[in-house]
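Shown here: start.txt, compact mmCIF, C-alpha atoms and all ligand atoms.
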```txt
# COMPACT_ATOMS: atom_id res chain seq x y z
CA MET A 1 -19.23 25.07 -36.26
CA ALA A 2 -16.13 23.06 -37.01
CA ASP A 3 -13.39 24.31 -39.32
CA ASN A 4 -14.54 21.97 -42.03
CA ALA A 5 -18.15 23.20 -41.79
CA ASP A 6 -19.58 23.29 -45.26
CA LYS A 7 -23.29 23.50 -45.80
CA SER A 8 -22.95 21.81 -49.17
CA ASP A 9 -21.27 18.78 -47.56
CA PRO A 10 -23.96 16.08 -47.36
CA GLY A 11 -21.95 13.93 -44.94
CA LEU A 12 -21.57 10.18 -45.10
CA PRO A 13 -24.61 7.91 -45.50
CA VAL A 14 -25.27 5.71 -42.46
CA SER A 15 -27.76 2.87 -42.19
CA CYS A 16 -28.49 -0.27 -40.20
CA GLU A 17 -28.77 -3.77 -41.62
CA CYS A 18 -32.56 -3.66 -42.13
CA GLY A 19 -32.69 -0.08 -43.42
CA TYR A 20 -35.07 1.24 -40.74
CA ILE A 21 -32.40 3.69 -39.59
CA LYS A 22 -31.00 6.03 -42.22
CA MET A 23 -29.05 9.14 -41.36
CA ARG A 24 -25.92 11.03 -42.35
CA THR A 25 -22.78 12.07 -40.53
CA PRO A 26 -22.39 15.86 -40.25
CA PHE A 27 -19.45 15.94 -42.67
CA SER A 28 -17.86 13.67 -45.25
CA LYS A 29 -14.48 13.83 -43.54
CA PRO A 30 -14.33 12.34 -40.04
CA LEU A 31 -11.95 13.68 -37.38
CA GLY A 32 -10.42 10.25 -37.29
CA THR A 33 -11.06 6.53 -37.23
CA ALA A 34 -9.97 3.59 -35.07
CA HIS A 35 -10.30 -0.16 -34.99
CA CYS A 36 -10.67 -1.09 -31.33
CA HIS A 37 -10.01 -4.61 -30.05
CA CYS A 38 -11.11 -3.98 -26.43
CA THR A 39 -13.50 -6.45 -24.83
CA THR A 40 -16.37 -3.92 -24.89
CA CYS A 41 -15.95 -3.19 -28.59
CA ARG A 42 -15.82 -6.92 -29.30
CA LYS A 43 -19.10 -7.43 -27.47
CA GLN A 44 -20.95 -4.47 -28.96
CA SER A 45 -19.86 -5.35 -32.48
CA ALA A 46 -20.27 -9.11 -31.85
CA SER A 47 -17.08 -9.42 -33.86
CA ALA A 48 -13.28 -9.41 -33.61
CA PHE A 49 -13.06 -5.62 -33.24
CA GLY A 50 -15.17 -2.48 -33.38
CA THR A 51 -14.56 0.36 -35.79
CA SER A 52 -15.18 3.95 -34.76
CA VAL A 53 -15.57 6.98 -37.02
CA PHE A 54 -15.26 10.14 -34.95
CA PHE A 55 -17.04 13.47 -35.24
CA LEU A 56 -17.55 16.34 -32.81
CA SER A 57 -20.62 15.72 -30.67
CA LYS A 58 -21.76 19.31 -31.17
CA ASP A 59 -21.98 18.61 -34.91
CA VAL A 60 -24.00 15.41 -34.41
CA PHE A 61 -26.32 16.32 -31.51
CA PRO A 62 -29.12 17.09 -31.17
CA LEU A 63 -30.13 14.32 -33.58
CA ALA A 64 -32.85 15.02 -36.12
CA THR A 65 -36.20 14.25 -34.48
CA ASP A 66 -37.24 11.66 -37.09
CA VAL A 67 -34.00 9.74 -36.47
CA GLU A 68 -33.97 10.14 -32.71
CA THR A 69 -37.51 8.80 -32.29
CA LYS A 70 -36.58 5.62 -34.20
CA LEU A 71 -33.31 4.87 -32.40
CA SER A 72 -33.15 2.85 -29.20
CA VAL A 73 -30.48 3.59 -26.60
CA TYR A 74 -28.54 1.25 -24.37
CA THR A 75 -26.63 2.98 -21.59
CA HIS A 76 -23.86 1.60 -19.43
CA PRO A 77 -21.14 3.00 -17.12
CA THR A 78 -17.61 3.03 -18.58
CA GLU A 79 -14.28 2.37 -16.88
CA SER A 80 -13.45 6.07 -17.01
CA GLY A 81 -16.56 6.97 -15.00
CA ASN A 82 -18.65 8.21 -17.92
CA THR A 83 -21.95 6.81 -19.13
CA ALA A 84 -21.96 5.39 -22.64
CA HIS A 85 -25.07 6.02 -24.69
CA CYS A 86 -25.19 3.42 -27.44
CA TYR A 87 -27.75 4.12 -30.15
CA PHE A 88 -29.05 1.15 -32.11
CA CYS A 89 -31.79 0.04 -34.46
CA PRO A 90 -34.65 -1.51 -32.45
CA ARG A 91 -35.56 -3.76 -35.37
CA CYS A 92 -32.26 -5.37 -36.45
CA GLY A 93 -30.14 -4.45 -33.42
CA VAL A 94 -27.28 -2.83 -35.31
CA ARG A 95 -25.32 -0.22 -33.38
CA ILE A 96 -25.26 3.14 -35.14
CA LEU A 97 -23.41 5.58 -32.92
CA HIS A 98 -21.97 5.95 -29.46
CA ALA A 99 -21.83 9.03 -27.28
CA ALA A 100 -20.55 9.35 -23.71
CA LEU A 101 -21.88 11.56 -20.96
CA LEU A 102 -19.36 12.86 -18.43
CA PRO A 103 -20.18 12.62 -14.71
CA ASP A 104 -21.50 16.21 -14.80
CA GLY A 105 -24.02 15.23 -17.49
CA THR A 106 -22.36 17.05 -20.39
CA MET A 107 -21.49 15.14 -23.51
CA ARG A 108 -17.92 14.13 -24.28
CA GLU A 109 -16.38 16.17 -27.09
CA ARG A 110 -16.41 13.38 -29.65
CA VAL A 111 -18.94 10.77 -30.66
CA SER A 112 -18.32 7.75 -32.81
CA PHE A 113 -20.36 6.29 -35.60
CA LYS A 114 -19.86 2.57 -36.04
CA GLY A 115 -17.67 2.01 -39.09
CA GLY A 116 -19.75 -0.83 -40.49
CA ALA A 117 -22.91 1.30 -40.39
CA ILE A 118 -21.40 3.70 -42.91
CA ASP A 119 -22.59 2.66 -46.33
CA ASP A 120 -20.28 0.84 -48.70
CA GLY A 121 -17.99 3.02 -50.77
CA ALA A 122 -18.59 6.19 -48.73
CA ILE A 123 -15.18 6.00 -47.04
CA ASP A 124 -11.93 5.02 -48.73
CA TRP A 125 -10.81 2.84 -45.82
CA LYS A 126 -7.59 1.77 -47.49
CA ALA A 127 -6.44 5.37 -47.79
CA LEU A 128 -7.08 6.06 -44.10
CA ASN A 129 -4.53 3.69 -42.57
CA THR A 130 -6.69 3.40 -39.45
CA LYS A 131 -4.84 2.50 -36.24
CA HIS A 132 -5.65 -0.66 -34.31
CA ILE A 133 -6.03 0.05 -30.59
CA TYR A 134 -6.34 -2.08 -27.43
CA THR A 135 -4.73 -4.93 -29.30
CA ARG A 136 -3.70 -6.45 -25.93
CA SER A 137 -7.12 -8.14 -26.01
CA ALA A 138 -7.12 -8.97 -29.72
CA ILE A 139 -8.53 -12.37 -30.66
CA ILE A 140 -7.10 -12.36 -34.18
CA LYS A 141 -3.55 -12.55 -35.49
CA LEU A 142 -2.49 -8.98 -36.23
CA PRO A 143 -0.80 -8.51 -39.62
CA GLU A 144 2.61 -6.83 -39.33
CA GLU A 145 1.63 -3.99 -41.62
CA TRP A 146 -1.13 -2.88 -39.25
CA GLU A 147 -0.32 0.02 -36.94
CA CYS A 148 -1.13 -1.53 -33.57
CA TYR A 149 -1.19 -0.24 -30.00
CA GLU A 150 -1.57 -2.37 -26.86
CA LYS A 151 -3.89 0.29 -25.41
CA MET A 152 -4.41 3.86 -26.61
CA PRO A 153 -1.78 5.47 -28.85
CA PRO A 154 -0.30 8.78 -27.63
CA LYS A 155 -2.30 10.44 -30.38
CA LEU A 156 -5.26 8.64 -31.89
CA TYR A 157 -5.44 10.76 -35.05
ZN ZN B 1 -32.29 -1.94 -38.58
ZN ZN B 2 -12.98 -0.43 -27.60
```
Structure rendered as structure tokens:
Amino acid sequence: MADNADKSDPGLPVSCECGYIKMRTPFSKPLGTAHCHCTTCRKQSASAFGTSVFFLSKDVFPLATDVETKLSVYTHPTESGNTAHCYFCPRCGVRILHAALLPDGTMRERVSFKGGAIDDGAIDWKALNTKHIYTRSAIIKLPEEWECYEKMPPKLY
């Protein structure tokens, strides 16, 4: 288990727009967060950028059976040669979490919950100072006070 493993930690509440999917992140404190402006994140979020909330995959998978049987999965190859597994609500279409399988079939170390799927008030976003990444493809004017990176920062979090 991770250093911050705490059985009394209920994690963050996660849900889709229609409420069919309800689950929790493994812990209340994510490893990190990012706002990504890449073209893929723009498509999958159908918005100006996608927000990721990272946890260790070993703490998230396997998913609880009652959640896993409800979720649909869209898979696609990524630029880095992995296969993205994008879990979403089959009723309202909201993306819930993304995992990536490496070419050898093992799961990448981290998975990301979609920031907007985390229920209101569960994360103090203003205190996090989340970095903006892949801003080379941003379609919005980036405020000067945002910490922005054309691609990936040397250290994401
Ligand atoms: Zn839904
Ligand atoms: Zn992205």
Inset, instruction - List all protein, DNA and RNA residues that have any atom at most 6 Å from ligand ZN 2 (chain B), counting only C-alpha atoms and all ligand atoms, and write the list as number ranges by chain. - result: A: 36-38, 40-41
Could you list the protein, DNA and RNA residues that have any atom within 8 Å of ligand ZN 1 (chain B), counting all atoms listed in the file, and write them as a PDB file with C-alpha atoms, in the frame of the given file?
```
ATOM      1  CA  SER A  15     -27.760   2.870 -42.190  1.00  0.00           C
ATOM      2  CA  CYS A  16     -28.490  -0.270 -40.200  1.00  0.00           C
ATOM      3  CA  GLU A  17     -28.770  -3.770 -41.620  1.00  0.00           C
ATOM      4  CA  CYS A  18     -32.560  -3.660 -42.130  1.00  0.00           C
ATOM      5  CA  GLY A  19     -32.690  -0.080 -43.420  1.00  0.00           C
ATOM      6  CA  TYR A  20     -35.070   1.240 -40.740  1.00  0.00           C
ATOM      7  CA  ILE A  21     -32.400   3.690 -39.590  1.00  0.00           C
ATOM      8  CA  PHE A  88     -29.050   1.150 -32.110  1.00  0.00           C
ATOM      9  CA  CYS A  89     -31.790   0.040 -34.460  1.00  0.00           C
ATOM     10  CA  PRO A  90     -34.650  -1.510 -32.450  1.00  0.00           C
ATOM     11  CA  ARG A  91     -35.560  -3.760 -35.370  1.00  0.00           C
ATOM     12  CA  CYS A  92     -32.260  -5.370 -36.450  1.00  0.00           C
ATOM     13  CA  GLY A  93     -30.140  -4.450 -33.420  1.00  0.00           C
ATOM     14  CA  VAL A  94     -27.280  -2.830 -35.310  1.00  0.00           C
TER      15      VAL A  94
END
```
Legend entry - Residues near Asp119 (chain A), cut-off 8 Å, only C-alpha atoms, skip fewer than 5 positions along chain, as JSON, numbers by chain: {"A": [12, 13, 14, 15]}
Legend entry - Best match for closeness to Val53 (chain A) among A:Thr25, A:Ser112, A:Ser8, A:Thr69, counting all atoms listed in the file: A:Ser112
Legend entry - Which residue of A:Glu109, A:Asp124, A:Pro62, A:Ala84 approaches Ser28 (chain A) most closely, using all atoms listed in the file: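 Using all atoms listed in the file, Ser28 (chain A) sits closest to A:Asp124.
When all atoms listed in the file are used to measure the gap to Ala117 (chain A), the shortest distance among A:Glu79, A:Asp104, A:Arg42, A:Gly50 belongs to A:Gly50.
The neighbours of Leu31 (chain A) here are the residues that come within 8 Å of it, using all atoms listed in the file and leaving out any residue fewer than 3 positions away in the same chain; they are Val53, Phe54, Phe55, Leu56 and Tyr157 of chain A.
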Dump of C-alpha atoms for the selected residues, as a short mmCIF file (atom, residue, chain, number, x, y, z; two decimals), in the coordinates of the input:
```
data_model
loop_
_atom_site.label_atom_id
_atom_site.label_comp_id
_atom_site.auth_asym_id
_atom_site.auth_seq_id
_atom_site.Cartn_x
_atom_site.Cartn_y
_atom_site.Cartn_z
CA VAL A 53 -15.57 6.98 -37.02
CA PHE A 54 -15.26 10.14 -34.95
CA PHE A 55 -17.04 13.47 -35.24
CA LEU A 56 -17.55 16.34 -32.81
CA TYR A 157 -5.44 10.76 -35.05
#
```
Subset file as an mmCIF file, in the first residue's frame: region 11-29 of chain A, N, CA, C and O atoms:
```
data_model
loop_
_atom_site.group_PDB
_atom_site.id
_atom_site.type_symbol
_atom_site.label_atom_id
_atom_site.label_comp_id
_atom_site.auth_asym_id
_atom_site.auth_seq_id
_atom_site.Cartn_x
_atom_site.Cartn_y
_atom_site.Cartn_z
ATOM 1 N N GLY A 11 -11.550 8.470 0.956
ATOM 2 C CA GLY A 11 -11.305 8.877 -0.416
ATOM 3 C C GLY A 11 -12.246 9.987 -0.849
ATOM 4 O O GLY A 11 -13.071 10.461 -0.061
ATOM 5 N N LEU A 12 -12.097 10.389 -2.101
ATOM 6 C CA LEU A 12 -12.919 11.472 -2.636
ATOM 7 C C LEU A 12 -14.135 10.891 -3.358
ATOM 8 O O LEU A 12 -14.010 9.907 -4.079
ATOM 9 N N PRO A 13 -15.301 11.517 -3.198
ATOM 10 C CA PRO A 13 -16.483 11.030 -3.908
ATOM 11 C C PRO A 13 -16.441 11.384 -5.394
ATOM 12 O O PRO A 13 -16.104 12.509 -5.753
ATOM 13 N N VAL A 14 -16.752 10.398 -6.228
ATOM 14 C CA VAL A 14 -16.701 10.557 -7.683
ATOM 15 C C VAL A 14 -18.062 10.153 -8.244
ATOM 16 O O VAL A 14 -18.629 9.142 -7.809
ATOM 17 N N SER A 15 -18.587 10.940 -9.163
ATOM 18 C CA SER A 15 -19.840 10.537 -9.801
ATOM 19 C C SER A 15 -19.930 11.141 -11.189
ATOM 20 O O SER A 15 -19.229 12.104 -11.518
ATOM 21 N N CYS A 16 -20.800 10.535 -12.008
ATOM 22 C CA CYS A 16 -21.037 11.054 -13.357
ATOM 23 C C CYS A 16 -22.159 12.084 -13.293
ATOM 24 O O CYS A 16 -22.700 12.374 -12.226
ATOM 25 N N GLU A 17 -22.541 12.593 -14.460
ATOM 26 C CA GLU A 17 -23.575 13.630 -14.480
ATOM 27 C C GLU A 17 -24.938 13.080 -14.054
ATOM 28 O O GLU A 17 -25.702 13.751 -13.354
ATOM 29 N N CYS A 18 -25.256 11.844 -14.476
ATOM 30 C CA CYS A 18 -26.604 11.311 -14.202
ATOM 31 C C CYS A 18 -26.680 10.586 -12.865
ATOM 32 O O CYS A 18 -27.769 10.264 -12.397
ATOM 33 N N GLY A 19 -25.528 10.284 -12.258
ATOM 34 C CA GLY A 19 -25.537 9.642 -10.953
ATOM 35 C C GLY A 19 -25.537 8.114 -10.990
ATOM 36 O O GLY A 19 -25.522 7.464 -9.943
ATOM 37 N N TYR A 20 -25.525 7.537 -12.198
ATOM 38 C CA TYR A 20 -25.496 6.070 -12.312
ATOM 39 C C TYR A 20 -24.176 5.526 -11.756
ATOM 40 O O TYR A 20 -24.153 4.515 -11.068
ATOM 41 N N ILE A 21 -23.093 6.224 -12.045
ATOM 42 C CA ILE A 21 -21.779 5.819 -11.530
ATOM 43 C C ILE A 21 -21.480 6.616 -10.274
ATOM 44 O O ILE A 21 -21.502 7.853 -10.289
ATOM 45 N N LYS A 22 -21.208 5.879 -9.204
ATOM 46 C CA LYS A 22 -20.759 6.506 -7.955
ATOM 47 C C LYS A 22 -19.643 5.629 -7.410
ATOM 48 O O LYS A 22 -19.806 4.428 -7.269
ATOM 49 N N MET A 23 -18.516 6.255 -7.139
ATOM 50 C CA MET A 23 -17.400 5.510 -6.567
ATOM 51 C C MET A 23 -16.549 6.484 -5.760
ATOM 52 O O MET A 23 -16.901 7.651 -5.633
ATOM 53 N N ARG A 24 -15.445 5.984 -5.210
ATOM 54 C CA ARG A 24 -14.557 6.866 -4.451
ATOM 55 C C ARG A 24 -13.127 6.622 -4.891
ATOM 56 O O ARG A 24 -12.783 5.508 -5.303
ATOM 57 N N THR A 25 -12.312 7.653 -4.815
ATOM 58 C CA THR A 25 -10.884 7.475 -5.047
ATOM 59 C C THR A 25 -10.312 6.729 -3.831
ATOM 60 O O THR A 25 -10.935 6.725 -2.764
ATOM 61 N N PRO A 26 -9.150 6.097 -3.993
ATOM 62 C CA PRO A 26 -8.625 5.304 -2.860
ATOM 63 C C PRO A 26 -8.254 6.153 -1.644
ATOM 64 O O PRO A 26 -8.317 5.672 -0.513
ATOM 65 N N PHE A 27 -7.843 7.387 -1.884
ATOM 66 C CA PHE A 27 -7.440 8.275 -0.792
ATOM 67 C C PHE A 27 -8.004 9.671 -1.035
ATOM 68 O O PHE A 27 -8.405 9.989 -2.149
ATOM 69 N N SER A 28 -7.998 10.479 0.009
ATOM 70 C CA SER A 28 -8.484 11.855 -0.135
ATOM 71 C C SER A 28 -7.445 12.758 -0.793
ATOM 72 O O SER A 28 -7.778 13.788 -1.354
ATOM 73 N N LYS A 29 -6.176 12.359 -0.662
ATOM 74 C CA LYS A 29 -5.113 13.205 -1.192
ATOM 75 C C LYS A 29 -4.535 12.567 -2.450
ATOM 76 O O LYS A 29 -3.901 11.505 -2.382
#
```
